[in-house]
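First comes the structure, then the notes that go with it.
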Amino acid sequence: MLQLYHNDMSTCAQKVRLTLAEKGLDWEGIHFNLREGPQQRPDYLKLNPAGVVPTLIDDGRVLIESTVIMEYLDDRFPDPPLRPADPYGRTRVRLWMKQLDEGLHAMTGVLSSSIAFRYQHFAIKSEEEVRQTIENIPDPGKRERQRENILKGLDSKFLPGAVRRFDRLIGDIDAALADGDWLAGDAFSLADIAYTPYMVRLTYLQMGWLWDARPRVPEWFERIQARPSFKAGIGDWLNDKYLPLIAEKGAEAAGKLRAMAG
Amino acid sequence: MTIELYHNGMSTCSQKVRITLAEKGQDFVSHHFNLRAGDQHKPEYIAINPNGVVPTIIHDGKIVYESAVVDEYLDDIFPDPPLKPADPYGRAKMRLWVKQLDEGLHAASATISACIAFRYQFMEGKTDEELKKTLDGYVDPVKRERMTENVLEGVESRFFKPAIRRVVKMLDDMQASLSETTWMAADTYSLADIAFAPYVTRVAHLQQTWLFDERPKVADWLERTRARASYQKGMVEWFNPDFLSLMEEKGGENVDGVKAVLAAG
């Protein structure tokens, strides 16, 4: 049986759960509460040196990084296929997935932290403790981002760039959907799965205004939500402790965020 | 069916694609760009590749860019000889390597190259105005900020230290992996080996071969990689002698400086 180390609201865990559901695979979950830090424990770091979720174990083989796991699952369990059969169609899937690695995923963290998740830190820690938590982040780039996002919130210097990047992304998605019902053409693929968690996050952050003038985007998102995999991979795992906070803080920030998109 | 390749002799991403074409025995029609003159930022090229970078291939009317995507495409359309491990787990290991390049390793290599050597090419014979115009031509704002500081500040750029450390981590990770398998992802040569050949070569060209002394598996891998005909055809035949002599001169001058940055902790 496949084993998955994951977290309910993590975008990368959502991608892998969606893929497992599309493939109709059974799996055993080990759920981590990321705010408690089990992902930093030495026994987990042996499996996943970056200390992040998800990690998939298949018959003793350890797989990390959500986009790599998604292609692995499609290679290992080819039916139903989640990549186009033709090589050019595959390049389109890979171009979409690659953009996440090149910064889009990190920018989702900028949005979530600076708009909403920063309040979770301040709710349970003193300002001094929050600062200490940030200084303990091993990766210097992530540390600098979190210092801005958590301490300065909507005044984070990373926020305007992140908002503009998502505005461009939604424009790119809209343009791609002019050619077919799905991101990489006429068939649902790993590209659609890869972007679903970010659409969910933007929706909860009350940033649906990004697609007000781009009707193909909400239509596509509706089609995704109508698939059974959406409930199994995302809906059943939504954390009620997070959602009201994200929605409330997102609504408060909406005016400023719109102005940043220009 | 002809393959057209938009590329540059010394660009690491172009090198990856040329090695793959050579491994597959495929010839191509060359459109060689002078990147210092900004050929890649011209509107007619941006219409093909909106990111304004090389390489791009046009095959059978289809435009494909981003070297990692191009290499997988070439392996899909020309399956023989295969350049992906046969088993899914090996493929995952291969993709895990290649993905790291997108996540900052390619940028780190560009930073150390610019800070140690290529900055002199950018500055040579240009007025401040002309230099600013060239640097402002970068489409991606993050890349523009990084390149501007790297060209103007050299190894004093605040981007240099994390970049050289990232490159050393690459060599450490390769040493560990090559202690388990003959090639980077498996016991067979794959797109992972192709993807990393340009970056390890760059470390050597920048005269930092002392980094291989304590990593003998990497040195051995580089020797085996260099012995392949595809390395000759995809890399060596396109080396620009002016670039090599600049990297040799400026790299040699900076060996102690690089050692000092790494020792500073």
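By convention in this document, the chains of the structure tokens carry letters A, B, ... by their order, each chain's residues are numbered from 1, and ligands are numbered from 1 in the order they are shown.
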
### Message
Please check the contacts: residues of chain B at most 7 Å away from chain A, using only C-alpha atoms, listed as a PyMOL selection string.
### Response
chain B and resi 69+73+76-77+88-89+92+95-96+102-103

Residues from the last selection, C-alpha atoms, saved as an mmCIF file, in the first residue's frame:
```cif
data_model
loop_
_atom_site.group_PDB
_atom_site.id
_atom_site.type_symbol
_atom_site.label_atom_id
_atom_site.label_comp_id
_atom_site.auth_asym_id
_atom_site.auth_seq_id
_atom_site.Cartn_x
_atom_site.Cartn_y
_atom_site.Cartn_z
ATOM 1 C CA VAL B 69 11.214 20.532 -21.545
ATOM 2 C CA TYR B 73 10.514 16.279 -25.912
ATOM 3 C CA ASP B 76 9.873 11.352 -26.584
ATOM 4 C CA ILE B 77 10.107 11.904 -30.358
ATOM 5 C CA PRO B 88 9.487 4.957 -12.946
ATOM 6 C CA TYR B 89 11.651 5.337 -9.844
ATOM 7 C CA ALA B 92 11.695 10.291 -10.704
ATOM 8 C CA ARG B 95 13.514 14.618 -12.736
ATOM 9 C CA LEU B 96 14.458 15.446 -9.167
ATOM 10 C CA ASP B 102 14.783 25.512 -12.170
ATOM 11 C CA GLU B 103 14.685 26.059 -8.436
#
```

#### Entry: Selection near stretch 126-132 of chain A, 12 Å with only C-alpha atoms, sequence-local residues under 2 positions removed, as a list in words
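The neighbour list is Arg118, Tyr119, Gln120, His121, Phe122, Ala123, Ile124, Ile134, Glu135, Asn136, Ile137, Arg143, Glu144, Gln146, Arg147, Glu148, Asn149, Ile150, Leu151 and Lys152 of chain A.
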
Just to be explicit: take each residue in the selection above, keep C-alpha atoms, and write the result as a short mmCIF file (atom, residue, chain, number, x, y, z; two decimals), in the first residue's frame.
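Result file again_8.cif:
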```cif
data_model
loop_
_atom_site.label_atom_id
_atom_site.label_comp_id
_atom_site.auth_asym_id
_atom_site.auth_seq_id
_atom_site.Cartn_x
_atom_site.Cartn_y
_atom_site.Cartn_z
CA ARG A 118 0.85 35.75 9.88
CA TYR A 119 -2.05 36.15 12.31
CA GLN A 120 -1.80 32.47 13.28
CA HIS A 121 1.78 33.03 14.39
CA PHE A 122 0.93 36.13 16.42
CA ALA A 123 -2.08 34.37 18.00
CA ILE A 124 0.09 31.79 19.73
CA ILE A 134 11.69 33.24 11.49
CA GLU A 135 15.42 33.42 12.22
CA ASN A 136 15.45 29.61 12.61
CA ILE A 137 14.36 29.03 8.99
CA ARG A 143 13.89 33.40 5.79
CA GLU A 144 14.07 36.84 4.18
CA GLN A 146 9.04 35.27 5.82
CA ARG A 147 10.67 38.11 7.75
CA GLU A 148 8.92 40.58 5.43
CA ASN A 149 5.65 38.67 5.08
CA ILE A 150 5.01 37.81 8.72
CA LEU A 151 6.34 40.98 10.31
CA LYS A 152 5.11 43.53 7.74
#
```

### Task
Compile the contact shell of stretch 1-7 of chain A as a VMD selection string: residues with an atom at most 8 Å away, counting only C-alpha atoms, same-chain residues fewer than 3 positions apart removed.
chain A and resid 10 13 26 to 34 53 to 59

### Task
Determine, counting only C-alpha atoms, which protein, DNA and RNA residues have an atom within 10 Å of an atom of stretch 182-194 of chain A; residues of the same chain fewer than 2 positions away are not included. Present the result as a VMD selection string.
chain A and resid 11 to 12 14 to 19 22 66 to 67 70 to 71 74 81 to 84 88 to 98 100 172 to 180 196 to 199 220 to 221 223 to 224 229 to 230

### Message
Need the shell around B:Tyr120: protein/DNA/RNA residues with any atom at most 10 Å away, counting only C-alpha atoms. Skip same-chain ones fewer than 2 positions apart. Format as a ChimeraX atom specification?
### Response
/B:114-118,122-125,151-152,154,246,250
